[in-house]
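Shown next: model.cif, given as mmCIF, C-alpha atoms.
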```
data_my_file
loop_
_atom_site.label_atom_id
_atom_site.label_comp_id
_atom_site.auth_asym_id
_atom_site.auth_seq_id
_atom_site.Cartn_x
_atom_site.Cartn_y
_atom_site.Cartn_z
CA MET A 83 -6.79 -16.97 -3.57
CA ASN A 84 -10.51 -16.42 -3.95
CA VAL A 85 -12.58 -16.96 -0.85
CA HIS A 86 -16.13 -18.09 -1.29
CA LEU A 87 -17.52 -16.81 1.94
CA ARG A 88 -16.65 -14.16 4.49
CA ILE A 89 -18.14 -14.57 7.93
CA ILE A 90 -17.84 -12.22 10.89
CA VAL A 91 -18.42 -13.61 14.37
CA ALA A 92 -19.33 -10.75 16.70
CA GLU A 93 -19.53 -11.86 20.31
CA SER A 94 -17.82 -10.42 23.35
CA SER A 95 -17.27 -13.67 25.25
CA ILE A 96 -14.01 -15.21 24.06
CA ILE A 97 -15.13 -18.71 25.06
CA VAL A 98 -18.33 -18.52 23.05
CA ARG A 99 -16.60 -16.80 20.14
CA ASN A 100 -13.85 -19.40 19.89
CA GLY A 101 -16.51 -22.09 20.17
CA VAL A 102 -18.40 -20.72 17.19
CA VAL A 103 -15.21 -20.41 15.15
CA SER A 104 -14.23 -23.96 15.99
CA VAL A 105 -17.66 -25.27 14.89
CA LEU A 106 -17.34 -23.30 11.63
CA GLN A 107 -13.98 -24.95 11.06
CA GLN A 108 -15.41 -28.39 11.61
CA ILE A 109 -18.40 -28.05 9.33
CA ASN A 110 -16.03 -27.12 6.58
CA ILE A 111 -18.33 -25.60 4.01
CA ASN A 112 -16.33 -24.72 0.93
CA ARG A 113 -13.83 -22.05 1.71
CA ILE A 114 -14.55 -19.56 4.41
CA GLU A 115 -12.73 -16.69 5.96
CA VAL A 116 -13.77 -16.00 9.53
CA PHE A 117 -13.20 -12.76 11.41
CA GLU A 118 -13.64 -12.47 15.16
CA ILE A 119 -14.93 -9.25 16.63
CA ASP A 120 -15.54 -8.31 20.25
CA ASP A 121 -16.75 -4.73 20.10
CA ALA A 122 -19.02 -2.59 17.97
CA GLU A 123 -16.27 -0.24 16.84
CA GLN A 124 -14.25 -3.09 15.30
CA LEU A 125 -17.38 -4.35 13.63
CA ARG A 126 -17.95 -1.00 11.93
CA ASN A 127 -14.34 -0.84 10.77
CA LEU A 128 -14.39 -4.30 9.34
CA LEU A 129 -17.71 -3.87 7.56
CA CYS A 130 -16.38 -0.68 5.98
CA LYS A 131 -13.25 -2.39 4.80
CA GLN A 132 -14.63 -5.44 3.06
CA LYS A 133 -17.66 -7.16 1.69
CA THR A 134 -19.07 -9.63 4.18
CA ASP A 135 -21.54 -12.41 3.44
CA ILE A 136 -22.68 -13.52 6.87
CA LEU A 137 -22.63 -11.73 10.19
CA ILE A 138 -23.11 -13.98 13.21
CA ILE A 139 -23.82 -11.59 16.05
CA ASN A 140 -24.97 -11.74 19.65
CA PRO A 141 -28.01 -9.41 19.79
CA LEU A 142 -27.49 -8.71 23.49
CA MET A 143 -23.90 -7.65 23.19
CA PHE A 144 -24.54 -5.14 20.46
CA GLU A 145 -27.85 -3.65 21.46
CA ASN A 146 -26.97 -0.25 20.11
CA VAL A 147 -26.15 -1.68 16.69
CA SER A 148 -29.33 -2.09 14.71
CA LEU A 149 -29.49 -4.40 11.73
CA GLN A 150 -31.30 -1.94 9.50
CA GLN A 151 -28.63 0.57 10.30
CA ILE A 152 -25.86 -1.86 9.41
CA ARG A 153 -27.43 -2.90 6.14
CA LYS A 154 -28.09 0.70 5.17
CA GLU A 155 -24.80 2.14 6.30
CA TYR A 156 -22.67 -0.39 4.48
CA ALA A 157 -24.98 -0.56 1.46
CA ASN A 158 -24.81 -4.31 1.52
CA SER A 159 -28.35 -5.58 1.16
CA GLN A 160 -27.06 -9.11 0.67
CA LEU A 161 -25.49 -9.28 4.11
CA LYS A 162 -27.13 -12.11 6.05
CA CYS A 163 -27.43 -11.57 9.77
CA VAL A 164 -27.61 -14.52 12.12
CA ALA A 165 -28.45 -14.04 15.78
CA LEU A 166 -26.15 -15.90 18.14
CA GLN A 167 -28.49 -16.73 20.97
CA THR A 168 -26.72 -17.36 24.26
CA SER A 169 -29.73 -16.66 26.52
CA LEU A 170 -33.43 -16.01 26.19
CA ILE A 171 -34.12 -13.20 23.77
CA ASP A 172 -37.35 -11.46 22.88
CA ASN A 173 -38.89 -12.99 19.74
CA SER A 174 -39.52 -9.59 18.22
CA THR A 175 -35.78 -8.97 18.30
CA LEU A 176 -34.97 -12.31 16.72
CA LYS A 177 -37.48 -11.70 13.94
CA ASN A 178 -35.19 -9.10 12.43
CA TYR A 179 -32.51 -11.70 11.78
CA ASP A 180 -32.25 -14.03 8.83
CA ASP A 181 -31.64 -16.95 11.13
CA VAL A 182 -30.80 -17.90 14.71
CA ILE A 183 -28.01 -20.11 16.03
CA SER A 184 -28.23 -21.16 19.66
CA LEU A 185 -25.68 -22.59 22.07
CA TYR A 186 -26.92 -26.16 21.86
CA ASP A 187 -27.32 -26.46 18.10
CA SER A 188 -25.45 -29.42 16.62
CA ASN A 189 -22.77 -29.18 13.95
CA GLU A 190 -25.10 -30.58 11.29
CA TYR A 191 -27.85 -28.15 12.21
CA ILE A 192 -25.52 -25.15 12.01
CA LYS A 193 -24.06 -26.39 8.77
CA ALA A 194 -27.52 -26.69 7.26
CA LYS A 195 -28.36 -23.16 8.33
CA ILE A 196 -25.18 -21.69 6.87
CA ASN A 197 -25.66 -23.63 3.65
CA ASN A 198 -29.20 -22.30 3.38
CA LEU A 199 -28.01 -18.74 3.76
CA VAL A 200 -25.23 -19.28 1.28
CA SER A 201 -27.45 -20.66 -1.42
CA GLU A 202 -29.54 -17.52 -1.06
CA THR A 203 -26.58 -15.22 -1.50
CA GLU A 204 -25.84 -14.56 -5.08
CA HIS A 205 -22.55 -16.06 -6.02
CA THR A 206 -20.25 -14.08 -8.15
CA ALA A 207 -18.59 -16.83 -10.10
CA ASN A 208 -14.84 -16.79 -10.14
CA ASN A 209 -14.69 -15.81 -13.74
CA GLU A 210 -11.13 -15.70 -14.76
CA SER A 211 -11.60 -15.39 -18.49
CA LEU A 212 -10.43 -12.09 -19.83
CA THR A 213 -12.07 -9.96 -22.50
CA THR A 214 -10.26 -9.35 -25.78
CA ARG A 215 -9.57 -5.79 -24.70
CA GLU A 216 -8.04 -6.94 -21.43
CA LYS A 217 -5.77 -9.35 -23.32
CA GLU A 218 -4.62 -6.52 -25.60
CA ILE A 219 -3.81 -4.45 -22.56
CA ILE A 220 -1.79 -7.26 -20.95
CA VAL A 221 0.35 -7.47 -24.07
CA CYS A 222 1.00 -3.72 -23.95
CA VAL A 223 1.81 -3.83 -20.24
CA ILE A 224 4.38 -6.58 -20.59
CA LYS A 225 5.98 -4.75 -23.50
CA GLY A 226 6.69 -2.05 -20.97
CA MET A 227 4.27 0.59 -22.24
CA THR A 228 2.99 3.27 -19.86
CA ASN A 229 -0.73 3.75 -19.27
CA LYS A 230 -0.61 6.84 -21.47
CA GLN A 231 1.06 4.96 -24.33
CA ILE A 232 -1.45 2.12 -24.04
CA ALA A 233 -4.31 4.61 -24.10
CA ASP A 234 -2.95 6.22 -27.29
CA GLU A 235 -2.31 2.89 -29.00
CA LEU A 236 -5.78 1.49 -28.30
CA CYS A 237 -7.64 4.83 -28.58
CA LEU A 238 -8.86 4.73 -24.99
CA SER A 239 -8.69 7.21 -22.13
CA THR A 240 -5.97 6.66 -19.53
CA HIS A 241 -8.73 6.30 -16.99
CA THR A 242 -10.23 3.36 -18.92
CA VAL A 243 -6.82 1.72 -19.19
CA ILE A 244 -6.35 1.97 -15.45
CA SER A 245 -9.74 0.45 -14.80
CA HIS A 246 -9.01 -2.42 -17.23
CA ARG A 247 -5.74 -3.05 -15.43
CA ARG A 248 -7.52 -3.15 -12.11
CA ASN A 249 -9.95 -5.75 -13.49
CA ILE A 250 -7.09 -7.83 -14.85
CA THR A 251 -5.38 -7.84 -11.47
CA SER A 252 -8.53 -8.86 -9.68
CA LYS A 253 -9.43 -11.59 -12.18
CA LEU A 254 -5.97 -13.15 -12.34
CA GLN A 255 -4.68 -12.23 -8.89
CA ILE A 256 -1.39 -11.33 -10.54
CA HIS A 257 0.15 -8.05 -9.43
CA SER A 258 3.46 -7.91 -11.22
CA THR A 259 4.44 -7.39 -14.84
CA SER A 260 6.70 -10.42 -14.78
CA GLY A 261 3.78 -12.50 -13.49
CA LEU A 262 1.60 -11.24 -16.35
CA THR A 263 4.37 -12.22 -18.78
CA ILE A 264 4.17 -15.83 -17.59
CA TYR A 265 0.39 -15.74 -18.00
CA ALA A 266 0.69 -14.26 -21.49
CA ILE A 267 3.19 -16.85 -22.68
CA VAL A 268 1.16 -19.76 -21.33
CA ASN A 269 -1.92 -18.40 -23.07
CA LYS A 270 -0.01 -17.58 -26.24
CA LEU A 271 -0.85 -13.89 -26.16
CA VAL A 272 2.71 -13.02 -26.96
CA GLU A 273 6.06 -14.41 -28.11
CA LEU A 274 8.99 -13.90 -25.84
CA ASN A 275 11.13 -12.20 -28.48
CA GLU A 276 8.54 -9.42 -28.72
CA ILE A 277 9.41 -8.32 -25.21
CA LYS A 278 12.43 -6.12 -24.83
CA ASN A 279 13.69 -7.14 -21.38
CA TYR A 280 13.60 -10.81 -22.20
CA SER A 281 15.07 -10.82 -25.68
CA GLN A 282 18.14 -9.10 -24.28
CA ARG A 283 18.82 -11.92 -21.90
CA MET B 119 -10.38 -37.54 23.26
CA SER B 120 -7.83 -35.17 21.90
CA LYS B 121 -4.66 -33.98 23.48
CA ILE B 122 -3.21 -30.55 23.05
CA LYS B 123 -0.10 -29.04 24.51
CA ILE B 124 -0.32 -25.50 25.73
CA GLY B 125 1.99 -23.10 27.48
CA LYS B 126 5.23 -21.49 26.51
CA TYR B 127 8.77 -22.79 26.73
CA THR B 128 11.01 -21.47 29.48
CA GLU B 129 14.74 -21.55 29.89
CA ALA B 130 14.64 -24.59 32.19
CA ASP B 131 12.93 -26.78 29.56
CA SER B 132 14.98 -29.32 27.70
CA MET B 133 16.33 -28.11 24.36
CA SER B 134 15.91 -31.49 22.73
CA ASN B 135 12.22 -31.58 23.73
CA LEU B 136 11.71 -28.15 22.24
CA ILE B 137 13.20 -29.20 18.91
CA CYS B 138 11.60 -32.64 18.75
CA GLU B 139 8.17 -31.24 19.51
CA ASN B 140 8.55 -28.29 17.15
CA TYR B 141 10.87 -28.89 14.26
CA PRO B 142 10.58 -25.35 12.84
CA ALA B 143 12.51 -24.20 15.90
CA LEU B 144 15.52 -25.89 14.32
CA LEU B 145 15.87 -22.88 12.06
CA VAL B 146 16.14 -20.55 15.04
CA LEU B 147 19.01 -22.67 16.33
CA SER B 148 20.94 -22.55 13.11
CA ARG B 149 20.40 -18.79 12.70
CA PHE B 150 22.11 -18.33 16.04
CA GLY B 151 24.87 -20.68 14.94
CA MET B 152 24.06 -23.16 17.73
CA LYS B 153 25.37 -26.70 17.50
CA LEU B 154 23.24 -29.83 17.70
CA GLY B 155 24.06 -32.77 19.98
CA PHE B 156 22.92 -31.08 23.18
CA ARG B 157 22.04 -34.25 25.12
CA ASP B 158 19.74 -33.46 28.06
CA LYS B 159 20.79 -29.86 28.50
CA SER B 160 18.23 -27.16 29.19
CA ILE B 161 17.49 -24.33 26.78
CA HIS B 162 19.46 -21.96 28.98
CA GLU B 163 22.48 -24.28 29.18
CA VAL B 164 22.61 -24.77 25.43
CA CYS B 165 22.27 -21.03 24.87
CA SER B 166 25.12 -20.20 27.27
CA ASP B 167 27.33 -22.90 25.77
CA ASN B 168 26.91 -21.20 22.43
CA GLY B 169 27.14 -17.63 23.71
CA VAL B 170 23.53 -16.81 22.81
CA ASP B 171 21.24 -14.66 24.94
CA THR B 172 18.57 -17.02 26.29
CA LYS B 173 15.86 -14.35 26.49
CA THR B 174 16.29 -13.41 22.85
CA PHE B 175 16.23 -17.05 21.84
CA LEU B 176 13.02 -17.68 23.79
CA ALA B 177 11.42 -14.51 22.48
CA ILE B 178 11.84 -15.74 18.90
CA VAL B 179 10.84 -19.32 19.71
CA ASN B 180 7.68 -18.25 21.50
CA LEU B 181 6.79 -15.85 18.68
CA LEU B 182 7.26 -18.70 16.22
CA LEU B 183 5.28 -21.25 18.19
CA ARG B 184 2.61 -19.18 19.90
CA GLY B 185 2.58 -15.79 18.28
CA ASP B 186 3.78 -14.21 21.54
CA THR B 187 4.75 -10.59 21.02
CA LYS B 188 5.54 -9.60 24.59
CA PRO B 189 9.02 -10.93 25.23
CA ASN B 190 10.37 -10.94 28.71
CA TYR B 191 13.67 -9.07 28.80
CA THR B 192 15.14 -6.25 30.81
CA ASN B 193 18.45 -5.54 29.13
CA TYR B 194 17.64 -3.70 25.89
CA ASP B 195 21.20 -3.56 24.65
CA VAL B 196 21.79 -7.29 24.89
CA PHE B 197 18.37 -8.13 23.46
CA ILE B 198 18.72 -5.79 20.52
CA LEU B 199 22.29 -6.74 19.69
CA SER B 200 21.44 -10.46 19.75
CA MET B 201 18.45 -9.67 17.60
CA ILE B 202 20.67 -7.93 15.05
CA SER B 203 22.96 -10.92 14.92
CA TYR B 204 19.99 -13.23 14.41
CA LEU B 205 18.53 -11.05 11.66
CA HIS B 206 21.90 -10.71 9.97
CA ASN B 207 22.40 -14.48 9.88
CA SER B 208 18.85 -14.87 8.68
CA HIS B 209 19.47 -12.45 5.77
CA ASN B 210 22.57 -14.34 4.89
CA TYR B 211 20.64 -17.61 4.94
CA PHE B 212 17.91 -16.39 2.57
CA VAL B 213 20.07 -14.52 0.12
CA ASN B 214 23.09 -16.80 -0.02
CA TYR B 215 21.61 -20.21 0.66
CA ARG B 216 17.84 -20.63 0.57
CA LEU B 217 16.86 -18.67 -2.51
CA PRO B 218 19.81 -19.83 -4.67
CA ASP B 219 19.00 -23.40 -3.63
CA ILE B 220 15.38 -22.97 -4.71
CA ARG B 221 16.53 -21.48 -8.00
CA GLU B 222 18.73 -24.45 -8.71
CA LYS B 223 15.97 -26.91 -7.91
CA LEU B 224 13.58 -24.87 -10.01
CA THR B 225 15.92 -24.91 -13.00
CA ASN B 226 16.17 -28.69 -12.75
CA ALA B 227 12.42 -29.12 -12.43
CA LEU B 228 11.46 -27.07 -15.49
CA GLN B 229 10.53 -28.93 -18.67
CA GLN B 230 13.19 -28.47 -21.31
CA GLU B 231 10.77 -28.02 -24.20
CA LEU B 232 8.99 -25.01 -22.65
CA LYS B 233 11.85 -22.71 -23.47
CA ASP B 234 10.13 -19.32 -23.55
CA LEU B 235 7.98 -20.04 -20.55
CA ASN B 236 11.00 -21.18 -18.54
CA LYS B 237 12.79 -17.96 -19.34
CA ALA B 238 9.83 -15.96 -18.09
CA VAL B 239 9.58 -18.09 -14.95
CA LEU B 240 13.25 -17.65 -14.09
CA TYR B 241 13.03 -13.94 -14.90
CA TYR B 242 10.23 -13.59 -12.35
CA PHE B 243 12.19 -15.52 -9.76
CA ASP B 244 15.41 -13.55 -10.30
CA GLU B 245 13.49 -10.29 -10.11
CA TYR B 246 12.05 -11.46 -6.81
CA VAL B 247 15.44 -12.45 -5.43
CA SER B 248 16.88 -9.07 -6.30
CA GLU B 249 13.97 -7.39 -4.49
CA VAL B 250 14.68 -9.48 -1.41
CA ARG B 251 18.37 -8.63 -1.71
CA ASN B 252 17.61 -4.88 -1.81
CA HIS B 253 15.18 -5.16 1.04
CA MET B 254 17.71 -6.94 3.21
CA SER B 255 20.68 -4.85 2.23
CA TYR B 256 18.75 -1.71 3.21
CA GLU B 257 18.40 -3.16 6.68
CA GLU B 258 22.07 -4.12 6.82
CA LYS B 259 23.31 -0.76 5.56
CA LYS B 260 20.83 1.64 7.09
CA VAL B 261 18.86 0.14 9.95
CA PHE B 262 21.45 -1.93 11.80
CA PRO B 263 24.14 0.79 11.83
CA TYR B 264 21.53 3.25 13.09
CA VAL B 265 20.56 0.89 15.90
CA ARG B 266 24.17 0.22 16.84
CA SER B 267 24.88 3.94 17.08
CA LEU B 268 21.71 4.39 19.11
CA ILE B 269 22.95 1.83 21.60
CA ALA B 270 26.43 3.41 21.66
CA ASP B 271 24.87 6.85 22.30
CA LYS B 272 26.50 8.35 19.28
CA GLY B 273 24.08 11.24 18.99
CA LYS B 274 20.82 11.66 17.19
CA GLY B 275 20.80 11.63 13.41
CA LYS B 276 17.83 12.24 11.16
CA TYR B 277 16.93 8.58 10.91
CA ASN B 278 14.53 6.81 13.26
CA ILE B 279 13.01 3.36 13.34
CA GLY B 280 9.56 4.74 12.52
CA ILE B 281 10.81 5.47 8.98
CA PHE B 282 11.77 1.83 8.60
CA SER B 283 8.60 0.43 10.05
CA LYS B 284 6.43 2.56 7.72
CA GLN B 285 8.08 1.32 4.55
CA HIS B 286 8.76 -2.23 5.65
CA ASN B 287 6.91 -4.39 3.15
CA GLN B 288 5.95 -8.02 3.27
CA VAL B 289 8.73 -9.64 1.37
CA GLU B 290 7.02 -13.02 1.09
CA ALA B 291 3.92 -11.76 -0.77
CA LYS B 292 5.55 -11.94 -4.18
CA LEU B 293 6.82 -15.44 -3.52
CA THR B 294 3.26 -16.48 -2.70
CA GLU B 295 2.16 -15.05 -6.04
CA PHE B 296 5.00 -16.83 -7.82
CA LYS B 297 4.02 -20.15 -6.30
CA SER B 298 0.39 -19.76 -7.24
CA ILE B 299 1.30 -18.79 -10.82
CA ILE B 300 3.42 -21.93 -11.16
CA ILE B 301 0.66 -24.09 -9.73
CA LYS B 302 -2.01 -22.54 -11.94
CA TYR B 303 -0.21 -22.10 -15.22
CA TYR B 304 2.86 -24.26 -15.46
CA GLU B 305 1.55 -27.33 -17.21
CA THR B 306 3.81 -30.21 -16.42
CA GLU B 307 3.74 -33.83 -15.51
CA SER B 308 3.73 -34.04 -11.77
CA THR B 309 7.33 -34.92 -11.02
CA ASN B 310 9.21 -35.38 -7.79
CA GLU B 311 11.40 -32.45 -8.78
CA ILE B 312 8.54 -30.00 -9.16
CA ASP B 313 6.90 -31.21 -5.93
CA ASN B 314 10.18 -30.80 -4.17
CA VAL B 315 10.69 -27.22 -5.30
CA LEU B 316 7.10 -26.31 -4.44
CA PHE B 317 7.49 -27.75 -0.94
CA ASP B 318 10.62 -25.66 -0.59
CA ILE B 319 8.80 -22.53 -1.69
CA PHE B 320 5.96 -23.16 0.77
CA ASN B 321 8.51 -23.58 3.55
CA CYS B 322 10.53 -20.58 2.50
CA GLU B 323 7.35 -18.50 2.47
CA SER B 324 6.57 -19.29 6.09
CA ASP B 325 10.22 -18.76 7.00
CA LEU B 326 10.13 -15.32 5.45
CA ALA B 327 6.87 -14.58 7.23
CA LEU B 328 8.50 -15.47 10.54
CA HIS B 329 11.50 -13.34 9.65
CA ASN B 330 9.19 -10.39 9.04
CA ALA B 331 7.27 -11.06 12.23
CA VAL B 332 10.53 -11.03 14.21
CA GLU B 333 11.35 -7.65 12.67
CA ASP B 334 7.91 -6.09 13.05
CA LYS B 335 6.75 -7.58 16.32
CA LEU B 336 9.99 -7.91 18.33
CA PHE B 337 12.78 -5.84 16.82
CA VAL B 338 10.99 -2.62 15.88
CA PRO B 339 9.02 -2.32 19.17
CA ALA B 340 12.26 -2.84 21.13
CA ILE B 341 14.00 -0.08 19.15
CA MET B 342 11.02 2.22 19.66
CA GLN B 343 11.26 1.63 23.39
CA LEU B 344 14.98 2.32 23.30
CA GLU B 345 14.43 5.55 21.35
CA LEU B 346 11.92 6.54 23.97
CA ILE B 347 14.43 5.87 26.73
CA LYS B 348 17.28 7.69 24.98
CA TYR B 349 15.44 10.63 23.43
CA GLY B 350 12.22 10.65 25.39
CA LYS B 351 10.18 11.11 22.26
CA LYS B 352 8.25 8.80 20.00
CA SER B 353 9.59 8.50 16.50
#
```

Would you mind writing the file out in structure tokens?
Amino acid sequence: MNVHLRIIVAESSIIVRNGVVSVLQQININRIEVFEIDDAEQLRNLLCKQKTDILIINPLMFENVSLQQIRKEYANSQLKCVALQTSLIDNSTLKNYDDVISLYDSNEYIKAKINNLVSETEHTANNESLTTREKEIIVCVIKGMTNKQIADELCLSTHTVISHRRNITSKLQIHSTSGLTIYAIVNKLVELNEIKNYSQR
Amino acid sequence: MSKIKIGKYTEADSMSNLICENYPALLVLSRFGMKLGFRDKSIHEVCSDNGVDTKTFLAIVNLLLRGDTKPNYTNYDVFILSMISYLHNSHNYFVNYRLPDIREKLTNALQQELKDLNKAVLYYFDEYVSEVRNHMSYEEKKVFPYVRSLIADKGKGKYNIGIFSKQHNQVEAKLTEFKSIIIKYYETESTNEIDNVLFDIFNCESDLALHNAVEDKLFVPAIMQLELIKYGKKS
């Protein structure tokens, strides 16, 4: 469920774009999610919507999109920008990029470049382990308590309960109460007869 | 050297080639109630033999195989009515055959000694099945009758297809979650039974995704067009 790397390929030529995507598929570095973009508007939308690790972009096609602007606007200082060089480009332009990929680079060369950039990006480890508080909240949730009831029971604000629940969902990638019940039983957080719905069955 | 086949299937292509080259298309056949054993007949011939509209059949096949969302049809009424019959059979297949079959295989694959956990697993699955049932029965009871009355020109009610398309959720998402919970948390010896049920769930997931795509990409746009023709206004 967790993706290690999100890459956007921004290039208006479909042949070049598909070529880049196909090379990315072949070099097979961990798990990547690749998004193809062919105009600046889409790029803005996508950057707004999600955190991106690497942006591979043709500097000529998006002349009115400046890198500083992108980094500032989307408050993502870790975003790595790679120039996709399809023709001769002024060195002073290329200097603004973290790296350059050109049309004749080999698979290995591109792989090395991407790997370099990745090792620089800070990796948020996929930490699935829950805090004691989060475990307590799971137990309450599967007992069918409302956020308000949980807040009262654990002396928290409803707001805090909601934020704990959001963290639980994102750590476990489980969205339903019945899914959390399975998790809780496997991890011995709860006995089945403590849960109303189940003991009636 | 690598070989790839490109291009879409047309009505003159051989039906047996279509199925042999793309086994998932088998499901489209059975949803239309078409019989196997078609020798060297073309797609169009097999469709006519079975009383199925060829254009609707190809629209679904090409969506399945190529992601095509611009079907080539001119007769809305025929296209939409064949679509309804396909979707209806498809609902029947999931609710009365596919999901009960998975449940039975699942029950057999679970380890007897994990009593509590098994209860929770089956509870999740049953909850999911009843969601699918509601989802599909809404379409049967609300959407299809609306569309039939639209075609029969029975006057404009309050309902329109836009209402459906806004609330139409992805019914396979929860099955995906179920599968990943089993894989992550259900500690068991790897048995043929558990493999078997997981393969079935993976397949069922992509089946459901196709079912949704047929509804969202082919059915709903066709109804919207028809609404536009009949009422001259977007819903």

Exercise. Neighbours of stretch 248-255 of chain A within 12 Å (all atoms listed in the file; same-chain residues fewer than 5 positions away dropped), as a ChimeraX atom specification?
Worked result: /A:83-84,206-221,223,241-243,261-262,264-266 /B:291-292,294-296,298-299,302-303

Problem set entry | Expected answer as a PyMOL selection string: chain B residues within 12 Å of chain A, all atoms listed in the file | chain B and resi 232-246+291-306

Just C-alpha atoms for this one: save the residues we selected as an mmCIF file, keeping the file's coordinate frame.
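To be explicit, this is the file written out as part.cif:
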```
data_model
loop_
_atom_site.group_PDB
_atom_site.id
_atom_site.type_symbol
_atom_site.label_atom_id
_atom_site.label_comp_id
_atom_site.auth_asym_id
_atom_site.auth_seq_id
_atom_site.Cartn_x
_atom_site.Cartn_y
_atom_site.Cartn_z
ATOM 1 C CA LEU B 232 8.990 -25.010 -22.650
ATOM 2 C CA LYS B 233 11.850 -22.710 -23.470
ATOM 3 C CA ASP B 234 10.130 -19.320 -23.550
ATOM 4 C CA LEU B 235 7.980 -20.040 -20.550
ATOM 5 C CA ASN B 236 11.000 -21.180 -18.540
ATOM 6 C CA LYS B 237 12.790 -17.960 -19.340
ATOM 7 C CA ALA B 238 9.830 -15.960 -18.090
ATOM 8 C CA VAL B 239 9.580 -18.090 -14.950
ATOM 9 C CA LEU B 240 13.250 -17.650 -14.090
ATOM 10 C CA TYR B 241 13.030 -13.940 -14.900
ATOM 11 C CA TYR B 242 10.230 -13.590 -12.350
ATOM 12 C CA PHE B 243 12.190 -15.520 -9.760
ATOM 13 C CA ASP B 244 15.410 -13.550 -10.300
ATOM 14 C CA GLU B 245 13.490 -10.290 -10.110
ATOM 15 C CA TYR B 246 12.050 -11.460 -6.810
ATOM 16 C CA ALA B 291 3.920 -11.760 -0.770
ATOM 17 C CA LYS B 292 5.550 -11.940 -4.180
ATOM 18 C CA LEU B 293 6.820 -15.440 -3.520
ATOM 19 C CA THR B 294 3.260 -16.480 -2.700
ATOM 20 C CA GLU B 295 2.160 -15.050 -6.040
ATOM 21 C CA PHE B 296 5.000 -16.830 -7.820
ATOM 22 C CA LYS B 297 4.020 -20.150 -6.300
ATOM 23 C CA SER B 298 0.390 -19.760 -7.240
ATOM 24 C CA ILE B 299 1.300 -18.790 -10.820
ATOM 25 C CA ILE B 300 3.420 -21.930 -11.160
ATOM 26 C CA ILE B 301 0.660 -24.090 -9.730
ATOM 27 C CA LYS B 302 -2.010 -22.540 -11.940
ATOM 28 C CA TYR B 303 -0.210 -22.100 -15.220
ATOM 29 C CA TYR B 304 2.860 -24.260 -15.460
ATOM 30 C CA GLU B 305 1.550 -27.330 -17.210
ATOM 31 C CA THR B 306 3.810 -30.210 -16.420
#
```

Exercise. Using all atoms listed in the file, which residues sit within 6 Å of stretch 177-185 of chain A once same-chain residues fewer than 3 positions away are excluded, as a VMD selection string?
Worked result: chain A and resid 163 to 168 174

Taking C-alpha atoms for each residue, export the selection above as a PDB file, keeping the file's coordinate frame.
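Saved result, part11.pdb, follows:
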```pdb
ATOM      1  CA  CYS A 163     -27.430 -11.570   9.770  1.00  0.00           C
ATOM      2  CA  VAL A 164     -27.610 -14.520  12.120  1.00  0.00           C
ATOM      3  CA  ALA A 165     -28.450 -14.040  15.780  1.00  0.00           C
ATOM      4  CA  LEU A 166     -26.150 -15.900  18.140  1.00  0.00           C
ATOM      5  CA  GLN A 167     -28.490 -16.730  20.970  1.00  0.00           C
ATOM      6  CA  THR A 168     -26.720 -17.360  24.260  1.00  0.00           C
ATOM      7  CA  SER A 174     -39.520  -9.590  18.220  1.00  0.00           C
TER       8      SER A 174
END
```

For this session: Run the PyMOL selection byres ((chain B and resi 193) around 12) against the file shown and list the residues it catches, as a PyMOL selection string.
Result: chain B and resi 171-174+189-192+194-200+269+340+343-344

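Picture a line from atom CA of B:Arg149 to atom CA of B:Ser166; it runs 15.4 Å.
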
For this session: For A:Lys162, work out the shell of residues within 9 Å, counting only C-alpha atoms and skipping chain neighbours fewer than 6 positions away, then give it as a PyMOL selection string.
Result: chain A and resi 134-138+179-181+199-200+203

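Here atom CA of A:Ile196 is placed at a distance of 23.8 Å from atom CA of A:Glu155.
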
Exercise. If you count all atoms listed in the file, which residues fall within 10 Å of A:Lys230, apart from same-chain ones fewer than 5 positions away, as a list of chain:residue names?
Worked result: A:Glu235, A:Leu238, A:Ser239, A:Thr240, A:His241, A:Val243, A:Ile244

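Note that the spacing between atom CA of B:Val332 and atom CA of B:Leu224 amounts to 28.1 Å.
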
Exercise. If you count only C-alpha atoms, which residues fall within 10 Å of B:Pro142, apart from same-chain ones fewer than 3 positions away, as a PyMOL selection string?
Worked result: chain B and resi 136-139+145-147+179+182-183+321+324-325

For the residues in the current selection, export C-alpha atoms as a short mmCIF file (atom, residue, chain, number, x, y, z; two decimals), in the coordinates of the input.
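The resulting file, result.cif, is reproduced below:
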```cif
data_model
loop_
_atom_site.label_atom_id
_atom_site.label_comp_id
_atom_site.auth_asym_id
_atom_site.auth_seq_id
_atom_site.Cartn_x
_atom_site.Cartn_y
_atom_site.Cartn_z
CA LEU B 136 11.71 -28.15 22.24
CA ILE B 137 13.20 -29.20 18.91
CA CYS B 138 11.60 -32.64 18.75
CA GLU B 139 8.17 -31.24 19.51
CA LEU B 145 15.87 -22.88 12.06
CA VAL B 146 16.14 -20.55 15.04
CA LEU B 147 19.01 -22.67 16.33
CA VAL B 179 10.84 -19.32 19.71
CA LEU B 182 7.26 -18.70 16.22
CA LEU B 183 5.28 -21.25 18.19
CA ASN B 321 8.51 -23.58 3.55
CA SER B 324 6.57 -19.29 6.09
CA ASP B 325 10.22 -18.76 7.00
#
```

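Candidate residues A:Leu87, A:Leu129, A:Ile224, A:Leu106 were compared for distance to A:Glu190, and the nearest is A:Leu106, using only C-alpha atoms.
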
Exercise. Do you know which residues the PyMOL selection byres ((chain B and resi 322) around 10) returns on this file, as an MDAnalysis selection string?
Worked result: chainID B and resid 212 216:217 220 290 293:294 316:321 323:328
